[in-house]
Amino acid sequence: MDLSKEGPLSLEPLDKILASMPNAGFSELIPILQKIQEAYGYLPPSVMMAASSRMGIAASRIYGVATFYEQFHLEPHGRHTIKCCRGTACHVKGGRDIIRAIRRILGVQEGETTEDMRFTFETVACLGTCFLGPVMMVNNDYYGHLAPNKVRDIIERYG
Ligand code: FES
């Protein structure tokens, strides 16, 4: 875990979370990580290290759980997540153009977050709705049969 990128963070929210779940062990780790993410917006490495020593669970085990589940973010994450499909079924229907349009509108590449922390942009291998291709999701909302000129309107709906 790289602690060097991160400024000092208060451990008060972590201590409150742990105080609300006394004697929590490895089996409560997922709900605890969810609360940490709610409090900090992501799972900061320094907070995970502090959770490790306070809970007596090896940092490698905590890190293993945090990296296994897609719901957890190890980097600061935007308020909204845009996932655009880069799979074959979407690709043949113009998926690359949708990805390019999103990059251009947000000014970020895949895996990055806008400076105002509004959006994180990710691409995925398939969203499981190939019949809607090309398709993207904003948070839990699907947008299918997309064209590049529809993307801006959709993005602007999310404040
Ligand atoms: S290939 Fe795009 S949703 Fe499956």
# chains A, B, ... in the order shown; residues from 1 in each chain; ligands from 1
call {"tool": "residues_near_ligand", "arguments": {"ligand": "ligand 1", "cutoff": "9 Å", "atoms": "only C-alpha atoms and all ligand atoms", "output": "JSON list (two decimals) with N, CA and C atoms, in the first residue's frame"}}
result
[["chain", "number", "residue", "atom", "x", "y", "z"],
["A", 84, "CYS", "N", -18.56, 2.23, -19.20],
["A", 84, "CYS", "CA", -18.90, 2.05, -20.60],
["A", 84, "CYS", "C", -18.38, 0.70, -21.05],
["A", 85, "CYS", "N", -19.18, 0.00, -21.82],
["A", 85, "CYS", "CA", -18.81, -1.33, -22.27],
["A", 85, "CYS", "C", -17.82, -1.25, -23.44],
["A", 86, "ARG", "N", -16.75, -2.04, -23.32],
["A", 86, "ARG", "CA", -15.78, -2.14, -24.42],
["A", 86, "ARG", "C", -15.83, -3.53, -25.06],
["A", 87, "GLY", "N", -16.90, -4.30, -24.76],
["A", 87, "GLY", "CA", -17.02, -5.67, -25.26],
["A", 87, "GLY", "C", -17.30, -5.72, -26.76],
["A", 88, "THR", "N", -17.17, -6.93, -27.30],
["A", 88, "THR", "CA", -17.26, -7.09, -28.76],
["A", 88, "THR", "C", -18.62, -6.66, -29.32],
["A", 89, "ALA", "N", -19.71, -7.09, -28.66],
["A", 89, "ALA", "CA", -21.04, -6.78, -29.18],
["A", 89, "ALA", "C", -21.27, -5.27, -29.24],
["A", 90, "CYS", "N", -20.75, -4.57, -28.25],
["A", 90, "CYS", "CA", -20.89, -3.11, -28.26],
["A", 90, "CYS", "C", -19.89, -2.48, -29.22],
["A", 91, "HIS", "N", -18.70, -3.06, -29.28],
["A", 91, "HIS", "CA", -17.65, -2.52, -30.16],
["A", 91, "HIS", "C", -18.12, -2.47, -31.62],
["A", 95, "GLY", "N", -19.09, 1.14, -30.08],
["A", 95, "GLY", "CA", -18.72, 1.37, -28.69],
["A", 95, "GLY", "C", -17.49, 2.26, -28.52],
["A", 124, "VAL", "N", -15.65, -1.56, -19.00],
["A", 124, "VAL", "CA", -15.78, -2.95, -18.54],
["A", 124, "VAL", "C", -15.91, -3.87, -19.76],
["A", 125, "ALA", "N", -15.61, -5.15, -19.52],
["A", 125, "ALA", "CA", -15.58, -6.12, -20.63],
["A", 125, "ALA", "C", -16.98, -6.42, -21.16],
["A", 126, "CYS", "N", -18.00, -6.33, -20.33],
["A", 126, "CYS", "CA", -19.38, -6.54, -20.77],
["A", 126, "CYS", "C", -20.28, -6.11, -19.64],
["A", 127, "LEU", "N", -21.36, -5.40, -19.96],
["A", 127, "LEU", "CA", -22.30, -4.99, -18.91],
["A", 127, "LEU", "C", -23.47, -5.98, -18.81],
["A", 128, "GLY", "N", -23.41, -7.05, -19.61],
["A", 128, "GLY", "CA", -24.46, -8.07, -19.53],
["A", 128, "GLY", "C", -25.74, -7.68, -20.23],
["A", 129, "THR", "N", -25.70, -6.62, -21.01],
["A", 129, "THR", "CA", -26.89, -6.18, -21.74],
["A", 129, "THR", "C", -26.50, -5.93, -23.20],
["A", 130, "CYS", "N", -25.89, -6.95, -23.81],
["A", 130, "CYS", "CA", -25.33, -6.79, -25.16],
["A", 130, "CYS", "C", -26.40, -6.36, -26.16],
["A", 131, "PHE", "N", -27.65, -6.80, -25.93],
["A", 131, "PHE", "CA", -28.74, -6.43, -26.86],
["A", 131, "PHE", "C", -28.98, -4.92, -26.87],
["A", 132, "LEU", "N", -28.46, -4.21, -25.85],
["A", 132, "LEU", "CA", -28.64, -2.75, -25.79],
["A", 132, "LEU", "C", -27.47, -2.00, -26.44],
["A", 133, "GLY", "N", -26.48, -2.70, -26.92],
["A", 133, "GLY", "CA", -25.23, -2.08, -27.35],
["A", 133, "GLY", "C", -25.38, -1.04, -28.44],
["A", 134, "PRO", "N", -24.52, -0.03, -28.43],
["A", 134, "PRO", "CA", -23.51, 0.21, -27.42],
["A", 134, "PRO", "C", -24.15, 0.77, -26.15],
["A", 135, "VAL", "N", -23.62, 0.36, -25.02],
["A", 135, "VAL", "CA", -24.29, 0.68, -23.76],
["A", 135, "VAL", "C", -23.30, 1.20, -22.71],
["A", 136, "MET", "N", -23.83, 2.10, -21.87],
["A", 136, "MET", "CA", -23.05, 2.55, -20.72],
["A", 136, "MET", "C", -23.98, 2.62, -19.52],
["A", 144, "GLY", "N", -28.79, 2.51, -23.33],
["A", 144, "GLY", "CA", -28.44, 1.65, -24.45],
["A", 144, "GLY", "C", -28.70, 2.31, -25.78]]
call {"tool": "residues_around", "arguments": {"residues": "Asp97 of chain A", "least_positions_apart": "3", "cutoff": "10 Å", "atoms": "only C-alpha atoms", "output": "PyMOL selection string"}}
result
chain A and resi 91+93-94+100-103+134+146-149
call {"tool": "residues_around", "arguments": {"residues": "Phe72 of chain A", "least_positions_apart": "3", "cutoff": "8 Å", "atoms": "only C-alpha atoms", "output": "mmCIF file with C-alpha atoms, in the first residue's frame"}}
result
data_model
loop_
_atom_site.group_PDB
_atom_site.id
_atom_site.type_symbol
_atom_site.label_atom_id
_atom_site.label_comp_id
_atom_site.auth_asym_id
_atom_site.auth_seq_id
_atom_site.Cartn_x
_atom_site.Cartn_y
_atom_site.Cartn_z
ATOM 1 C CA LEU A 33 -15.080 -1.552 4.950
ATOM 2 C CA GLN A 34 -18.444 -0.390 3.571
ATOM 3 C CA GLN A 37 -15.873 3.870 2.339
ATOM 4 C CA TYR A 42 -12.940 5.409 -0.620
ATOM 5 C CA LEU A 43 -10.616 3.141 1.348
ATOM 6 C CA ALA A 66 -10.768 -4.704 -0.369
ATOM 7 C CA THR A 67 -9.267 -5.635 -3.741
ATOM 8 C CA TYR A 69 -14.826 -6.862 -4.274
#
call {"tool": "residues_around", "arguments": {"residues": "Glu110 of chain A", "least_positions_apart": "6", "cutoff": "8 Å", "atoms": "only C-alpha atoms", "output": "MDAnalysis selection string"}}
result
chainID A and resid 103 121:123
call {"tool": "residues_around", "arguments": {"residues": "Arg118 of chain A", "least_positions_apart": "3", "cutoff": "9 Å", "atoms": "only C-alpha atoms", "output": "compact mmCIF listing (two decimals) with C-alpha atoms, in the first residue's frame"}}
result
# COMPACT_ATOMS: atom_id res chain seq x y z
CA HIS A 77 -13.82 8.05 -6.34
CA GLY A 78 -16.24 10.46 -8.01
CA ARG A 79 -19.82 10.94 -6.80
CA HIS A 80 -21.04 9.14 -9.93
CA THR A 81 -19.51 6.20 -11.75
CA THR A 113 -11.83 10.74 -11.82
CA THR A 114 -12.70 14.29 -12.86
CA GLU A 115 -11.01 17.02 -10.87
CA TYR A 158 -25.95 13.86 -12.89
CA GLY A 159 -24.97 16.72 -10.61
